[in-house]
$ cat protein24.pdb   # PDB, C-alpha atoms, pLDDT in the B column
ATOM      1  CA  MET A   1       0.000   0.000   0.000  1.00 71.00           C
ATOM      2  CA  MET A   2       1.246   3.455  -0.825  1.00 90.00           C
ATOM      3  CA  ALA A   3       0.839   6.690   1.080  1.00 95.00           C
ATOM      4  CA  LYS A   4      -2.000   8.920  -0.159  1.00 96.00           C
ATOM      5  CA  ASN A   5      -1.007  11.650  -2.575  1.00 97.00           C
ATOM      6  CA  ILE A   6      -2.347  14.948  -1.253  1.00 98.00           C
ATOM      7  CA  THR A   7      -3.087  17.927  -3.486  1.00 98.00           C
ATOM      8  CA  LYS A   8      -4.774  21.231  -2.753  1.00 97.00           C
ATOM      9  CA  GLU A   9      -7.912  19.685  -4.275  1.00 98.00           C
ATOM     10  CA  ASN A  10      -8.179  16.831  -1.728  1.00 98.00           C
ATOM     11  CA  PHE A  11      -6.346  18.465   1.217  1.00 98.00           C
ATOM     12  CA  LYS A  12      -9.451  19.583   3.123  1.00 97.00           C
ATOM     13  CA  GLN A  13     -11.213  16.229   2.782  1.00 97.00           C
ATOM     14  CA  GLU A  14      -8.194  13.949   3.415  1.00 97.00           C
ATOM     15  CA  VAL A  15      -6.330  16.020   6.026  1.00 97.00           C
ATOM     16  CA  MET A  16      -8.434  18.717   7.687  1.00 97.00           C
ATOM     17  CA  ASP A  17     -11.668  16.703   7.873  1.00 97.00           C
ATOM     18  CA  SER A  18     -10.015  13.401   8.866  1.00 97.00           C
ATOM     19  CA  ASP A  19     -11.257  11.811  12.077  1.00 96.00           C
ATOM     20  CA  LYS A  20      -7.920   9.972  12.340  1.00 97.00           C
ATOM     21  CA  PRO A  21      -4.400  11.318  12.900  1.00 98.00           C
ATOM     22  CA  VAL A  22      -2.709  12.347   9.644  1.00 98.00           C
ATOM     23  CA  LEU A  23       1.022  12.006   8.936  1.00 98.00           C
ATOM     24  CA  ILE A  24       2.165  14.098   5.967  1.00 98.00           C
ATOM     25  CA  ASP A  25       5.549  13.668   4.322  1.00 98.00           C
ATOM     26  CA  PHE A  26       6.591  16.737   2.300  1.00 98.00           C
ATOM     27  CA  TRP A  27       9.015  15.519  -0.357  1.00 98.00           C
ATOM     28  CA  ALA A  28      10.388  15.986  -3.901  1.00 98.00           C
ATOM     29  CA  GLU A  29      11.640  13.654  -6.665  1.00 96.00           C
ATOM     30  CA  TRP A  30      15.140  15.158  -6.646  1.00 98.00           C
ATOM     31  CA  CYS A  31      15.623  14.874  -2.855  1.00 98.00           C
ATOM     32  CA  ALA A  32      17.857  11.907  -1.914  1.00 98.00           C
ATOM     33  CA  PRO A  33      16.896  11.903   1.819  1.00 98.00           C
ATOM     34  CA  CYS A  34      13.216  11.948   0.731  1.00 98.00           C
ATOM     35  CA  ARG A  35      13.816   8.812  -1.341  1.00 97.00           C
ATOM     36  CA  MET A  36      15.487   7.193   1.696  1.00 97.00           C
ATOM     37  CA  LEU A  37      12.425   7.972   3.835  1.00 98.00           C
ATOM     38  CA  GLY A  38       9.897   6.827   1.181  1.00 97.00           C
ATOM     39  CA  PRO A  39       9.908   3.086   2.008  1.00 97.00           C
ATOM     40  CA  SER A  40       9.303   3.805   5.729  1.00 97.00           C
ATOM     41  CA  ILE A  41       6.366   6.077   4.873  1.00 97.00           C
ATOM     42  CA  ASP A  42       4.876   3.379   2.634  1.00 96.00           C
ATOM     43  CA  GLN A  43       5.332   0.758   5.394  1.00 97.00           C
ATOM     44  CA  LEU A  44       3.582   3.078   7.853  1.00 98.00           C
ATOM     45  CA  SER A  45       0.657   3.433   5.428  1.00 97.00           C
ATOM     46  CA  GLU A  46       0.287  -0.354   5.495  1.00 96.00           C
ATOM     47  CA  GLN A  47       0.792  -0.633   9.257  1.00 97.00           C
ATOM     48  CA  TYR A  48      -1.679   2.139  10.157  1.00 97.00           C
ATOM     49  CA  LYS A  49      -4.127   1.748   7.262  1.00 93.00           C
ATOM     50  CA  ASP A  50      -7.213   1.628   9.525  1.00 94.00           C
ATOM     51  CA  LYS A  51      -5.889   3.881  12.291  1.00 97.00           C
ATOM     52  CA  ALA A  52      -4.279   6.880  10.582  1.00 98.00           C
ATOM     53  CA  VAL A  53      -3.930   8.622   7.233  1.00 97.00           C
ATOM     54  CA  ILE A  54      -0.391   8.425   5.859  1.00 98.00           C
ATOM     55  CA  ALA A  55       0.097  10.992   3.123  1.00 98.00           C
ATOM     56  CA  LYS A  56       2.705  12.562   0.875  1.00 98.00           C
ATOM     57  CA  ILE A  57       2.811  16.039  -0.626  1.00 98.00           C
ATOM     58  CA  ASN A  58       5.160  16.724  -3.529  1.00 98.00           C
ATOM     59  CA  ILE A  59       6.443  20.248  -2.850  1.00 98.00           C
ATOM     60  CA  ASP A  60       7.227  20.912  -6.513  1.00 98.00           C
ATOM     61  CA  GLN A  61       3.607  20.233  -7.495  1.00 98.00           C
ATOM     62  CA  GLN A  62       1.940  21.634  -4.358  1.00 98.00           C
ATOM     63  CA  ARG A  63       3.888  24.805  -3.519  1.00 97.00           C
ATOM     64  CA  GLU A  64       0.890  26.434  -1.791  1.00 97.00           C
ATOM     65  CA  LEU A  65       0.567  23.573   0.697  1.00 98.00           C
ATOM     66  CA  ALA A  66       4.316  23.602   1.378  1.00 98.00           C
ATOM     67  CA  GLN A  67       4.098  27.350   2.065  1.00 98.00           C
ATOM     68  CA  GLN A  68       1.039  26.886   4.265  1.00 97.00           C
ATOM     69  CA  PHE A  69       3.087  24.543   6.492  1.00 98.00           C
ATOM     70  CA  GLY A  70       6.203  26.719   6.326  1.00 97.00           C
ATOM     71  CA  VAL A  71       8.291  23.930   4.809  1.00 98.00           C
ATOM     72  CA  MET A  72      11.898  25.134   4.424  1.00 96.00           C
ATOM     73  CA  SER A  73      13.753  21.803   4.205  1.00 97.00           C
ATOM     74  CA  ILE A  74      12.685  18.375   3.028  1.00 98.00           C
ATOM     75  CA  PRO A  75      11.821  15.786   3.979  1.00 98.00           C
ATOM     76  CA  SER A  76       9.530  17.485   6.491  1.00 98.00           C
ATOM     77  CA  VAL A  77       6.968  15.332   8.269  1.00 98.00           C
ATOM     78  CA  PHE A  78       3.958  16.768  10.071  1.00 98.00           C
ATOM     79  CA  VAL A  79       1.436  14.919  12.218  1.00 98.00           C
ATOM     80  CA  LEU A  80      -2.010  16.457  12.542  1.00 98.00           C
ATOM     81  CA  LYS A  81      -4.986  15.587  14.713  1.00 97.00           C
ATOM     82  CA  ASN A  82      -8.346  17.314  14.203  1.00 95.00           C
ATOM     83  CA  GLY A  83      -6.751  19.616  11.626  1.00 95.00           C
ATOM     84  CA  LYS A  84      -4.020  20.883  14.000  1.00 96.00           C
ATOM     85  CA  VAL A  85      -0.286  20.160  13.808  1.00 97.00           C
ATOM     86  CA  ILE A  86       0.725  18.238  16.933  1.00 96.00           C
ATOM     87  CA  ASP A  87       4.222  17.196  15.893  1.00 96.00           C
ATOM     88  CA  SER A  88       6.753  17.745  13.136  1.00 97.00           C
ATOM     89  CA  ALA A  89      10.250  16.633  12.171  1.00 97.00           C
ATOM     90  CA  VAL A  90      12.722  17.723   9.511  1.00 97.00           C
ATOM     91  CA  GLY A  91      15.107  15.236   7.953  1.00 97.00           C
ATOM     92  CA  VAL A  92      15.114  11.456   7.956  1.00 97.00           C
ATOM     93  CA  ARG A  93      14.260   9.809  11.257  1.00 97.00           C
ATOM     94  CA  PRO A  94      14.035   6.082  12.055  1.00 97.00           C
ATOM     95  CA  LYS A  95      10.637   4.529  11.296  1.00 97.00           C
ATOM     96  CA  LYS A  96      10.195   3.887  15.058  1.00 98.00           C
ATOM     97  CA  TYR A  97      10.176   7.659  15.618  1.00 97.00           C
ATOM     98  CA  TYR A  98       7.140   8.068  13.330  1.00 97.00           C
ATOM     99  CA  GLU A  99       5.428   5.044  14.918  1.00 98.00           C
ATOM    100  CA  ASP A 100       5.841   6.622  18.359  1.00 97.00           C
ATOM    101  CA  VAL A 101       4.459   9.959  17.151  1.00 96.00           C
ATOM    102  CA  LEU A 102       1.439   8.229  15.551  1.00 97.00           C
ATOM    103  CA  GLU A 103       0.781   6.187  18.691  1.00 97.00           C
ATOM    104  CA  LYS A 104       0.891   9.389  20.745  1.00 96.00           C
ATOM    105  CA  ALA A 105      -1.497  11.102  18.303  1.00 96.00           C
ATOM    106  CA  MET A 106      -3.965   8.201  18.484  1.00 96.00           C
ATOM    107  CA  ALA A 107      -3.934   8.363  22.289  1.00 95.00           C
ATOM    108  CA  LEU A 108      -4.870  12.079  22.348  1.00 90.00           C
TER     109      LEU A 108
END
$ encode --input "protein24.pdb" --output "structure tokens"
Amino acid sequence: MMAKNITKENFKQEVMDSDKPVLIDFWAEWCAPCRMLGPSIDQLSEQYKDKAVIAKINIDQQRELAQQFGVMSIPSVFVLKNGKVIDSAVGVRPKKYYEDVLEKAMAL
């Protein structure tokens, strides 16, 4: 299973209106660390398929969304609950880090 591709067209429905925690990976094709993180994000989408929304936003195609979140460096990962950012991380972190953040978000 792959992470959901988020665009400005489906952002409100998939992210803001979600009743589950949402993890968003801001990335780009040309970003080597983003490609390193990709497999972990896809594994998380499988692991949390019924418990959270795991999503990706391509910053080259969705500049407005990247600006909205103040993304300066990629990969940048944000975790939202009820439409509010509750955690974020820049750079590649171990998959366990994202699992812990998602578990925390689900417990809120």
$ atom_distance --input "protein24.pdb" --atom1 "atom CA of Asp60 of chain A" --atom2 "atom CA of Asp100 of chain A"
28.7 Å
$ resolve_selection --input "protein24.pdb" --expression "the PyMOL selection byres ((chain A and resi 82-86) around 10)" --output "list in words"
Lys12, Val15, Met16, Asp17, Ser18, Asp19, Lys20, Pro21, Val22, Leu23, Phe69, Phe78, Val79, Leu80, Lys81, Asp87, Ser88, Val101, Lys104, Ala105 and Leu108 of chain A
$ resolve_selection --input "protein24.pdb" --expression "the PyMOL selection byres ((chain A and resi 58) around 10)" --output "PyMOL selection string"
chain A and resi 5-7+25-29+56-57+59-63+65-66
$ resolve_selection --input "protein24.pdb" --expression "the PyMOL selection byres ((chain A and resi 76) around 7)" --output "VMD selection string"
chain A and resid 25 to 26 71 73 to 75 77 to 78 89 to 91
$ atom_distance --input "protein24.pdb" --atom1 "atom CA of Glu46 of chain A" --atom2 "atom CA of Cys31 of chain A"
23.2 Å
$ closest_residue --input "protein24.pdb" --among "A:Glu14, A:Glu99, A:Glu9, A:Asp42" --to "Glu64 of chain A" --atoms "all atoms listed in the file"
A:Glu9
$ closest_residue --input "protein24.pdb" --among "A:Gln13, A:Lys51, A:Ser40, A:Gln67" --to "Glu103 of chain A" --atoms "all atoms listed in the file"
A:Lys51
$ closest_residue --input "protein24.pdb" --among "A:Met72, A:Met1, A:Ala107, A:Ala32" --to "Gln47 of chain A" --atoms "all atoms listed in the file"
A:Met1
$ closest_residue --input "protein24.pdb" --among "A:Arg93, A:Leu102, A:Met2, A:Ala55" --to "Gln43 of chain A" --atoms "all atoms listed in the file"
A:Met2
$ axis_aligned_box --input "protein24.pdb" --around "segment 46-65 of chain A" --padding-each-side "6 Å" --output "lines of an AutoDock Vina configuration file"
center_x = 0.0
center_y = 12.9
center_z = 2.4
size_x = 26.4
size_y = 39.1
size_z = 31.8
$ atom_distance --input "protein24.pdb" --atom1 "atom CA of Val92 of chain A" --atom2 "atom CA of Met36 of chain A"
7.6 Å
